[in-house]
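Below is one structure, written out as structure tokens; comments come after it.
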Amino acid sequence: MNNSERRDNLIWVKNELEKLYGPIDKDWGERPLRTLVQTVLSQNTNDDNRDRAERDLWSRFTDYEDLATAPVSKIADAISTGGLQNQKAKTIKGILSSLAEKGKYSLDYLKSLDPEEAWKELMSFDGVGKKTAAVVLLFSLDKPIFPVDTHVRRVTGRLGLVMNGEKHHETLTELVRDDDMFQFHLHLIHHGRETCKARNPRCEDCVLVERCPAAEGFLG
Ligand code: SF4
């Protein structure tokens with residue numbers, strides 16, 4: 001499949017998922033530091049546990065300064081609901097310490113950088129990877145870098161939108177229109193959770209089956 005066919009397929013997939021799941025308004029607002037902390041808390045857990053960990057965190061700490069000066073163990077204790085608490089606490093404390101050195105608990109300075117520069121800057125924080133950084137940029141700073149989690153990786157791979165050996169974030173950032181990124185990202189996650197599951201994908205019920213190269217292998 002050449003790039004032009006791939007783009008056509010991608011637009012078709014995007015449209016089918018929009019018909020299935022409906023349009024999504026982007027309403028996360030500009031709170032990039034809060035989004036970064038939330039996304040760190042979401043690593044390896046579900047949305048409910050992430051939200052609970054965030055509520056527990058802010059019930060014990062008053063503000064970013066309070067959090068930045070607390071011992072890692074105390075932060076870990078507050079966010080234990082979501083698991084991997086020691087690692088996440090270390091990451092959060094590290095981010096806040098770096099921002100304190102820059103003079104302000106804020107990521108607003110990223111607004112003036114181009115998307116690639118801002119992405120690299122976020123990934124310079126220990127524990128912040130490509131996906132976490134891309135979520136902050138797309139959701140809270142309106143910078144078009146496509147975030148790829150396990151569901152997005154699996155679904156787009158099976159659909160042949162990203163080929164073996166290609167880098168998922170970079171390929172999808174290039175292929176997906178900026179204005180489509182937010183909704184398409186969320187729709188792919190939805191589809192990966194409900195239909196294109198890691199084990200036993202429900203190809204027989206999938207609206208994408210007619211253009212999915214992987215379906216034949218699953219349908220047998
Ligand atoms: S047809 Fe099957 S493998 Fe392809 S996207 Fe749908 S569920 Fe996934």
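Simple scheme: letters A, B, ... for chains in structure tokens order, numbers from 1 for residues in each chain, numbers from 1 for ligands in the order shown.
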Next on the checklist: as a ChimeraX atom specification, please: the residues near segment 209-218 of chain A (cut-off 12 Å, only C-alpha atoms, same-chain neighbours under 6 positions excluded).
Outcome noted: /A:1,5-6,8-13,16,154-163,195-203
Next on the checklist: List the spatial neighbours of segment 92-106 of chain A as a list of chain:residue names - criterion: any atom at most 8 Å away, only C-alpha atoms, same-chain residues fewer than 6 positions off excluded.
Outcome noted: A:Pro32, A:Leu33, A:Val37, A:Val40, A:Tyr64, A:Glu65, A:Leu67, A:Ala68, A:Val72, A:Phe125, A:Asp126
Write out the residues from the selection above, keeping C-alpha atoms, as a compact mmCIF listing (two decimals), in the first residue's frame.
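out.txt was written with the following content:
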# COMPACT_ATOMS: atom_id res chain seq x y z
CA PRO A 32 -0.71 21.21 30.64
CA LEU A 33 0.96 20.58 34.02
CA VAL A 37 0.57 14.73 36.27
CA VAL A 40 1.83 9.98 34.67
CA TYR A 64 2.63 22.04 43.43
CA GLU A 65 5.08 23.63 45.89
CA LEU A 67 4.16 18.37 46.35
CA ALA A 68 7.61 19.34 45.08
CA VAL A 72 8.94 10.66 47.32
CA PHE A 125 11.91 14.87 32.17
CA ASP A 126 12.87 11.51 33.67
